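Q: Before I ask anything, let me first share the structure, which is written out below as structure tokens.
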Amino acid sequence: MAYFLGLDSSTQSLSAIVIDTSEGRVVVDESVNFGSELPAYESPQGVLPSQDPRVRHSDPLMWVEALELLLARVRERGFNWSKIAGISGAGQQHGSVFLKEPLRDAGRFKSSQSLVDQVRPLLSYPTSPMWMDSSTGEECKEIAAAAGGRERVLKISGSIPIERFTGPQIRKIWKTQPVAYQQTAEIHLVSSFMASLLTGTSAAIDLGDAAGMNLLDLGTGRWNTTLLDATAPGLAAKLLPPIASHTRIGTIAPYFIERYGFRPGVPVIAFTGDNPSSLVGMGAIAPGTRLISLGTSDTVFAAMDGPRTDPNGYGHVFGNPAGGFMSLICFTNGSLAREEVSKRFGFDWGKFAAAIQETPAANGGRLIFPYFTPETTPRIPAGVDLVGSEDFVAWKEPKEAIRAVVETQALSMRRFSEWIGHAPKQLVLTGGAARNPGILRIVADVFQCPVRTLRVGNASALGGALRAAQAAGGIAWKELFSAFVALDPDVNVQPDPQARAAYEQLARVFDEKLNARLARNI
Ligand code: XUL
């Protein structure tokens, strides 16, 4: 059998990719959009509404229901799930799911009842704090103080205490929901939660995603006692020991065999975070290629050749699912900002590539800061208006405003990824916005570096399928990458050397303006 399934439970959708390794083909590429297809969860962008702009939670039952919908849809379209020989996947990073009891019996989910109805009573807290949450500033300070300072947390875990990371979120639940915390037997990430559903038994968190919790000792690959103690009492007992990303965690649960026709005994490989999974899906497990994912958040990441942390505290070190580490910088206002500016100016993204040709590089030195929701890089708390209304009144032409926000995002990615070291020779882009040639042009010119994209768009789900094929099918990475991770031959955007000077100048404007606004506001 040569079919492997990769799932990606991301912020706005759940996706599945199935690869056929004997033919080198992607045979299923399907998604369920939470907002449009599961409106009952009232989460148009995958996130529950909240009065407090810092609080961002999702309903984990929405992910469970999406899984059922996705599996049923793919089967209705004619795919036979019994062909699958291995499964892995990924989840949005940092989000946590709180369970009242560990899952020990693979047969506990009965196929006569929906999974949602069987998971609901297992939740000790009904919602999942997710990566867009920025409400744990106090908890970050407390953890830093108890653990011996931010630098110490950075040294141990690869990141200073970060609001969206799971440790500070767990501490907030312990402080504000003590009964729920006390009733919690097991805490999962989105990745290990989804994996647990598939096997029917509690899945451990893999080293790739575990590094996004402010709890892991990167050196030993174990939970760090100082960080656990600084976070919440009794936390060690609520976490399974972290595991290597290629670990086989179990086999598909009877529920999925009976409901969807999976073959008994199909191995499930540990799930990981969506960014570590994209590293695999982009064939970049060895250092050398700088990757940019343009999604709800924008991320810049790369496999690392040695331990290095961001001295400014914005960047992170996560586990590379193929072994070793990866660097990552997350910009919360990715497509969120692009959509907001196009909404305000009534601009159609489809016309953006043409608009680029009608507007000059660097827009005459003007910028639009993309910080419409609290930002992690640079750190901008809720209530601080760094966008600046003056930025908006000055724009007469929608296409100029759109160019400005994309240019500002690219400059920000350039500035805040400098700590990764050595200038990239090539940038590989993925995500919805990477389909827009206008955006690719700006990124190439701002970085003065060639930009390529991949043939298969959903790098995170593809990464899941490739990890399943490697770990469950014993197929070498090299073989998998040469079959599935081809650069798109039609996209090779060379930087325009004439734009260099304009962007060097704009980079200085960006730095000065950002520094001044940060100093004034924070
Ligand atoms: C990474 C991060 C986001 C989420 C999005 O640190 O917070 O990229 O993983 O799913």
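For the structure tokens, the naming scheme is as follows: chains receive sequential letters (A, B, ...) according to their order of presentation, residues are indexed from 1 within each chain, and ligands are indexed from 1 in presentation order.
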For Glu418 (chain A), please output as a list in words all residues within 12 Å (counting only C-alpha atoms; exclusion window: fewer than 6 positions along the same chain).
A: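 Once the nearby chain positions are removed, what remains is Arg290, Val300, Phe301, Arg308, Thr309, Asp310, Pro311, Asn312, Tyr314, Gly315, Ser327, Leu328, Ile329, Leu411, Ser412, Pro424 and Phe447 of chain A.
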Q: How would the residues just picked look written out with C-alpha atoms as a short mmCIF file (atom, residue, chain, number, x, y, z; two decimals), in the first residue's frame?
A:
```cif
data_model
loop_
_atom_site.label_atom_id
_atom_site.label_comp_id
_atom_site.auth_asym_id
_atom_site.auth_seq_id
_atom_site.Cartn_x
_atom_site.Cartn_y
_atom_site.Cartn_z
CA ARG A 290 14.72 30.45 4.02
CA VAL A 300 9.64 33.20 8.38
CA PHE A 301 11.51 30.03 9.23
CA ARG A 308 21.03 30.24 18.20
CA THR A 309 18.35 32.36 19.87
CA ASP A 310 16.98 35.78 18.99
CA PRO A 311 18.68 38.34 21.25
CA ASN A 312 15.67 40.64 20.82
CA TYR A 314 10.93 37.97 19.14
CA GLY A 315 12.08 34.80 17.39
CA SER A 327 14.13 29.03 13.78
CA LEU A 328 10.82 30.83 13.43
CA ILE A 329 9.52 34.36 13.59
CA LEU A 411 10.46 45.05 5.49
CA SER A 412 9.36 43.82 8.89
CA PRO A 424 19.32 33.81 2.18
CA PHE A 447 15.03 40.99 0.27
#
```
Q: Please list as a CSV table (one decimal) with N, CA and C atoms, in the first residue's frame every residue within 12 Å of region 473-477 of chain A, counting only C-alpha atoms and excluding residues in the same chain fewer than 4 positions away.
A:
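selection_6.csv written:
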```
chain,number,residue,atom,x,y,z
A,1,MET,N,0.8,-1.2,0.0
A,1,MET,CA,0.0,0.0,0.0
A,1,MET,C,0.9,1.2,0.0
A,2,ALA,N,0.5,2.2,-0.8
A,2,ALA,CA,1.4,3.3,-1.0
A,2,ALA,C,0.7,4.7,-0.7
A,3,TYR,N,-0.4,4.7,0.0
A,3,TYR,CA,-1.2,5.9,0.2
A,3,TYR,C,-0.9,6.4,1.7
A,4,PHE,N,-0.6,7.7,1.8
A,4,PHE,CA,-0.4,8.2,3.2
A,4,PHE,C,-1.2,9.5,3.3
A,5,LEU,N,-1.8,9.7,4.5
A,5,LEU,CA,-2.7,10.8,4.7
A,5,LEU,C,-2.0,11.8,5.7
A,19,ILE,N,-1.1,11.3,-0.4
A,19,ILE,CA,-0.1,11.1,-1.5
A,19,ILE,C,-0.1,9.6,-1.8
A,20,ASP,N,0.1,9.4,-3.1
A,20,ASP,CA,0.3,8.0,-3.6
A,20,ASP,C,1.8,7.9,-3.9
A,21,THR,N,2.6,7.2,-3.1
A,21,THR,CA,4.0,7.2,-3.2
A,21,THR,C,4.5,6.4,-4.4
A,22,SER,N,3.7,5.4,-4.8
A,22,SER,CA,4.2,4.6,-5.9
A,22,SER,C,4.1,5.3,-7.2
A,84,ILE,N,-5.4,3.8,2.8
A,84,ILE,CA,-4.4,4.5,3.6
A,84,ILE,C,-3.5,3.6,4.4
A,85,ALA,N,-2.2,3.8,4.3
A,85,ALA,CA,-1.2,2.9,5.0
A,85,ALA,C,-0.5,3.6,6.2
A,86,GLY,N,-0.8,4.9,6.3
A,86,GLY,CA,-0.1,5.6,7.5
A,86,GLY,C,-0.7,7.0,7.5
A,87,ILE,N,-0.7,7.6,8.7
A,87,ILE,CA,-1.4,8.9,8.9
A,87,ILE,C,-0.5,9.7,9.8
A,88,SER,N,-0.3,11.0,9.5
A,88,SER,CA,0.3,12.0,10.4
A,88,SER,C,-0.4,13.3,10.1
A,246,HIS,N,9.0,11.4,14.9
A,246,HIS,CA,8.7,10.2,14.0
A,246,HIS,C,8.1,9.1,14.8
A,248,ARG,N,5.7,6.4,16.3
A,248,ARG,CA,4.4,5.8,16.0
A,248,ARG,C,3.6,5.7,17.3
A,266,VAL,N,-3.8,0.6,10.8
A,266,VAL,CA,-3.0,1.6,10.2
A,266,VAL,C,-2.3,2.5,11.2
A,267,PRO,N,-1.0,2.6,11.1
A,267,PRO,CA,-0.2,3.4,12.1
A,267,PRO,C,-0.5,4.9,12.0
A,268,VAL,N,-0.5,5.5,13.2
A,268,VAL,CA,-0.6,6.9,13.3
A,268,VAL,C,0.7,7.4,13.9
A,269,ILE,N,1.3,8.4,13.1
A,269,ILE,CA,2.6,8.9,13.6
A,269,ILE,C,2.3,10.2,14.3
A,280,VAL,N,8.9,20.4,6.6
A,280,VAL,CA,9.0,19.1,5.9
A,280,VAL,C,8.3,19.2,4.6
A,281,GLY,N,7.1,19.8,4.6
A,281,GLY,CA,6.3,19.9,3.3
A,281,GLY,C,7.0,20.7,2.3
A,282,MET,N,8.0,21.5,2.7
A,282,MET,CA,8.7,22.4,1.7
A,282,MET,C,10.0,21.8,1.4
A,283,GLY,N,10.3,20.6,2.0
A,283,GLY,CA,11.5,19.9,1.6
A,283,GLY,C,12.7,20.6,2.2
A,284,ALA,N,12.6,21.3,3.3
A,284,ALA,CA,13.7,22.1,3.8
A,284,ALA,C,14.2,21.7,5.2
A,285,ILE,N,14.3,20.4,5.4
A,285,ILE,CA,14.7,19.9,6.7
A,285,ILE,C,16.2,20.1,6.9
A,286,ALA,N,17.0,20.4,5.9
A,286,ALA,CA,18.4,20.8,6.1
A,286,ALA,C,18.5,22.3,5.9
A,321,PRO,N,11.1,18.5,12.8
A,321,PRO,CA,10.6,17.1,12.9
A,321,PRO,C,11.5,16.0,12.3
A,322,ALA,N,12.5,16.4,11.5
A,322,ALA,CA,13.4,15.5,11.0
A,322,ALA,C,14.7,15.4,11.9
A,463,GLY,N,3.3,18.1,4.5
A,463,GLY,CA,4.3,17.7,5.5
A,463,GLY,C,3.9,16.5,6.3
A,465,ALA,N,1.6,14.2,5.4
A,465,ALA,CA,1.6,13.0,4.5
A,465,ALA,C,3.1,12.5,4.3
A,466,LEU,N,4.0,13.4,4.1
A,466,LEU,CA,5.4,13.0,3.9
A,466,LEU,C,6.0,12.3,5.2
A,467,ARG,N,5.6,12.9,6.4
A,467,ARG,CA,6.1,12.3,7.6
A,467,ARG,C,5.5,10.9,7.8
A,468,ALA,N,4.3,10.8,7.5
A,468,ALA,CA,3.7,9.4,7.6
A,468,ALA,C,4.4,8.4,6.7
A,469,ALA,N,4.7,8.9,5.5
A,469,ALA,CA,5.3,8.0,4.5
A,469,ALA,C,6.8,7.6,5.0
A,481,PHE,N,11.0,13.9,-1.2
A,481,PHE,CA,11.1,15.3,-1.7
A,481,PHE,C,11.2,15.3,-3.2
A,482,SER,N,11.9,14.4,-3.8
A,482,SER,CA,12.1,14.5,-5.2
A,482,SER,C,10.7,14.2,-5.9
A,483,ALA,N,9.9,13.4,-5.3
A,483,ALA,CA,8.6,13.1,-5.9
A,483,ALA,C,7.5,14.2,-5.6
A,484,PHE,N,7.6,14.8,-4.4
A,484,PHE,CA,6.5,15.7,-4.0
A,484,PHE,C,6.8,17.1,-3.8
A,485,VAL,N,8.0,17.5,-3.7
A,485,VAL,CA,8.3,18.9,-3.3
A,485,VAL,C,9.1,19.6,-4.4
```
Q: Which residues in region 209-446 of chain A does DSSP call helix (DSSP H, G or I)? List them as a PyMOL selection string.
A: chain A and resi 209-210+225-231+235-238+254-260+274-281+335-345+349-358+361-365+390-393+398-416+418-420+432-435+437-446
Q: Would you name the residues within 8 Å of ligand 1, counting only C-alpha atoms and all ligand atoms, and put them as a compact mmCIF listing (two decimals) with N, CA, C and O atoms, in the first residue's frame?
A:
```
# COMPACT_ATOMS: atom_id res chain seq x y z
N SER A 10 -5.58 23.88 11.03
CA SER A 10 -5.02 25.24 11.16
C SER A 10 -6.07 26.18 11.72
O SER A 10 -7.14 25.76 12.16
N THR A 11 -5.79 27.47 11.67
CA THR A 11 -6.67 28.45 12.32
C THR A 11 -8.05 28.50 11.68
O THR A 11 -9.07 28.51 12.36
N GLY A 91 -1.02 20.69 13.67
CA GLY A 91 -2.04 21.59 14.21
C GLY A 91 -1.46 22.98 14.34
O GLY A 91 -0.23 23.15 14.41
N GLN A 92 -2.33 23.99 14.38
CA GLN A 92 -1.88 25.33 14.69
C GLN A 92 -1.10 25.24 16.00
O GLN A 92 -1.45 24.46 16.88
N GLN A 93 -0.03 26.01 16.11
CA GLN A 93 0.83 25.86 17.28
C GLN A 93 0.26 26.58 18.52
O GLN A 93 -0.56 27.48 18.39
N HIS A 94 0.71 26.15 19.66
CA HIS A 94 0.51 26.81 20.97
C HIS A 94 -0.87 26.60 21.61
O HIS A 94 -0.98 26.66 22.82
N TRP A 131 -3.25 30.63 19.42
CA TRP A 131 -2.02 31.41 19.22
C TRP A 131 -2.25 32.91 19.05
O TRP A 131 -1.32 33.69 19.22
N MET A 132 -3.49 33.34 18.74
CA MET A 132 -3.71 34.77 18.58
C MET A 132 -3.97 35.47 19.92
O MET A 132 -4.10 36.70 19.97
N ARG A 164 1.33 34.07 23.67
CA ARG A 164 0.52 33.02 23.03
C ARG A 164 1.03 31.60 23.34
O ARG A 164 0.35 30.63 23.03
N PHE A 165 2.21 31.48 23.93
CA PHE A 165 2.76 30.15 24.18
C PHE A 165 1.95 29.45 25.27
O PHE A 165 1.33 30.07 26.12
N GLY A 212 7.10 25.08 21.50
CA GLY A 212 6.30 26.31 21.49
C GLY A 212 5.49 26.49 22.75
O GLY A 212 4.44 27.12 22.73
N GLY A 273 3.54 20.69 15.04
CA GLY A 273 2.98 22.01 14.79
C GLY A 273 2.92 22.31 13.30
O GLY A 273 3.63 21.70 12.50
N ASP A 274 2.06 23.26 12.92
CA ASP A 274 1.90 23.51 11.47
C ASP A 274 3.18 24.05 10.84
O ASP A 274 3.51 23.71 9.70
N ASN A 275 3.94 24.86 11.59
CA ASN A 275 5.18 25.39 10.99
C ASN A 275 6.26 24.31 10.87
O ASN A 275 6.84 24.17 9.79
N GLY A 295 0.08 33.18 5.68
CA GLY A 295 -1.23 32.66 6.05
C GLY A 295 -1.94 33.66 6.93
O GLY A 295 -1.69 34.86 6.83
N THR A 296 -2.82 33.15 7.82
CA THR A 296 -3.47 34.05 8.77
C THR A 296 -2.38 34.84 9.48
O THR A 296 -2.44 36.07 9.58
N SER A 297 -1.36 34.11 9.97
CA SER A 297 -0.13 34.79 10.40
C SER A 297 0.89 34.58 9.29
O SER A 297 0.78 33.65 8.52
N ASP A 298 1.86 35.47 9.20
CA ASP A 298 3.00 35.23 8.32
C ASP A 298 4.13 34.68 9.18
O ASP A 298 4.35 35.16 10.31
N THR A 299 4.84 33.69 8.68
CA THR A 299 5.99 33.18 9.43
C THR A 299 7.20 33.10 8.51
O THR A 299 7.07 32.81 7.32
N HIS A 316 11.85 32.43 17.73
CA HIS A 316 11.76 31.19 18.51
C HIS A 316 12.62 30.09 17.91
O HIS A 316 12.96 30.13 16.74
N LEU A 328 12.10 30.33 13.95
CA LEU A 328 10.82 30.83 13.43
C LEU A 328 10.51 32.20 14.00
O LEU A 328 10.73 32.45 15.18
N ILE A 329 10.03 33.06 13.14
CA ILE A 329 9.52 34.36 13.59
C ILE A 329 8.08 34.45 13.10
O ILE A 329 7.81 34.17 11.93
N CYS A 330 7.18 34.80 13.99
CA CYS A 330 5.75 34.84 13.65
C CYS A 330 5.26 36.29 13.63
O CYS A 330 5.49 37.03 14.59
N PHE A 331 4.57 36.66 12.57
CA PHE A 331 3.96 37.99 12.46
C PHE A 331 2.46 37.77 12.49
O PHE A 331 1.88 37.25 11.52
N THR A 332 1.84 38.14 13.60
CA THR A 332 0.41 37.83 13.78
C THR A 332 -0.44 38.43 12.67
O THR A 332 -1.36 37.81 12.16
```
Q: Pick the closest to Ser82 (chain A) from A:Arg263, A:Asp8, A:Pro126, A:Arg171: which is it, counting only C-alpha atoms?
A: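 Checking each candidate against Ser82 (chain A), we get A:Arg263 as the closest.
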Q: Give one line per residue of region 166-189 of chain A that approaches region 150-162 of chain A to at most 10 Å, naming the two atoms of the closest pair and their distance in Å to one decimal, counting only C-alpha atoms; sort by chain then ascending residue number and deliver it as CSV.
A:
```
residue,atom,partner,partner_atom,distance
A:Thr166,CA,A:Ile162,CA,8.6
A:Gly167,CA,A:Pro161,CA,8.1
A:Pro168,CA,A:Pro161,CA,7.2
A:Gln169,CA,A:Ile162,CA,9.4
```
Q: Show me, as a PyMOL selection string, the residues that have an atom within 12 Å of region 514-519 of chain A when counting only C-alpha atoms, minus same-chain residues fewer than 6 positions from it.
A: chain A and resi 367-371+377-381+384-388+408+411-412+415+506-508
Q: With distances taken over only C-alpha atoms, which of A:Pro233, A:Gly323, A:Pro129, A:Gly265 is nearest to Leu48 (chain A)?
A: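 Of A:Pro233, A:Gly323, A:Pro129, A:Gly265, the one nearest Leu48 (chain A) is A:Pro129, counting only C-alpha atoms.
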Q: Pick out the residues sitting within 12 Å of Ser112 (chain A), and hand them over as a CSV table (one decimal) with N, CA and C atoms, in the first residue's frame; count only C-alpha atoms, and ignore anything fewer than 4 positions along from it in its own chain.
A:
```
chain,number,residue,atom,x,y,z
A,108,ARG,N,-13.1,3.4,23.1
A,108,ARG,CA,-14.1,4.2,23.9
A,108,ARG,C,-15.0,5.0,23.0
A,117,ASP,N,-20.2,14.5,20.3
A,117,ASP,CA,-21.0,14.2,21.5
A,117,ASP,C,-20.1,13.4,22.5
A,118,GLN,N,-19.2,12.7,22.0
A,118,GLN,CA,-18.4,11.8,22.9
A,118,GLN,C,-17.1,12.6,23.5
A,254,PRO,N,-11.0,2.1,16.3
A,254,PRO,CA,-12.1,1.4,15.7
A,254,PRO,C,-13.2,2.3,15.2
A,255,TYR,N,-13.4,3.5,15.9
A,255,TYR,CA,-14.4,4.5,15.4
A,255,TYR,C,-14.2,4.8,13.9
A,256,PHE,N,-13.0,5.0,13.5
A,256,PHE,CA,-12.8,5.5,12.1
A,256,PHE,C,-12.8,4.3,11.2
A,258,GLU,N,-14.9,1.7,11.6
A,258,GLU,CA,-16.3,1.4,11.4
A,258,GLU,C,-17.0,2.5,10.6
A,259,ARG,N,-16.7,3.8,10.9
A,259,ARG,CA,-17.5,4.9,10.3
A,259,ARG,C,-17.0,5.2,8.9
```
Q: Considering only C-alpha atoms, tabulate each residue of region 363-419 of chain A that lies at most 9 Å from region 51-69 of chain A along with its nearest interatomic pair and the corresponding distance in Å to one decimal; arrange the rows by chain and ascending residue number and present them as a tab-separated table.
A:
```
residue	atom	partner	partner_atom	distance
A:Thr373	CA	A:Pro53	CA	7.8
A:Pro374	CA	A:Arg54	CA	7.2
A:Pro381	CA	A:Arg54	CA	8.0
A:Ala382	CA	A:Arg54	CA	6.0
A:Gly383	CA	A:Pro53	CA	8.3
```
Q: Under the rule that only C-alpha atoms are counted, which of A:Ala204, A:Lys100, A:Thr220, A:Thr289 is the nearest residue to Arg120 (chain A)?
A: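 Of all the options, A:Lys100 lies closest to Arg120 (chain A).
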Q: Among the residues of region 109-260 of chain A, find those DSSP assigns to strand (DSSP E or B) from the backbone and print them as a ChimeraX atom specification.
A: /A:123,128-129,186-189,206,216-217,222-223,243,248-251
Q: So that I can check the surroundings of Arg73 (chain A), please list as a tab-separated table (two decimals) with C-alpha atoms, in the first residue's frame every protein, DNA and RNA residue that reaches within 10 Å of it, counting only C-alpha atoms and ignoring chain neighbours fewer than 6 positions away.
A:
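This is the output file result.tsv:
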```
chain	number	residue	atom	x	y	z
A	30	GLU	CA	-9.45	18.80	0.41
A	31	SER	CA	-10.33	21.34	3.10
A	32	VAL	CA	-13.17	22.24	5.43
A	67	LEU	CA	-12.58	16.07	11.02
A	79	PHE	CA	-11.79	8.01	-2.28
```
Q: Can you work out which one of A:Thr430, A:Lys110, A:Val446, A:Lys399 has the shortest atom-to-atom distance to Arg344 (chain A), counting only C-alpha atoms?
A: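 Ranked by minimum distance to Arg344 (chain A), first place goes to A:Lys399.
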Q: Can you work out which one of A:Ser96, A:Asn492, A:Thr199, A:Ser278 has the shortest atom-to-atom distance to Met213 (chain A), counting only C-alpha atoms?
A: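 Of all the options, A:Ser96 lies closest to Met213 (chain A).
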Q: Could you please determine the separation between CA of Glu407 (chain A) and CA of Ile442 (chain A) in Å, to one decimal place?
A: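 CA of Glu407 (chain A) sits 6.4 Å away from CA of Ile442 (chain A).
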Q: Go through A:Gly432, A:Phe262, A:Pro307, A:Pro398 and flag the residue nearest Ala72 (chain A), using only C-alpha atoms for the distances.
A: A:Phe262
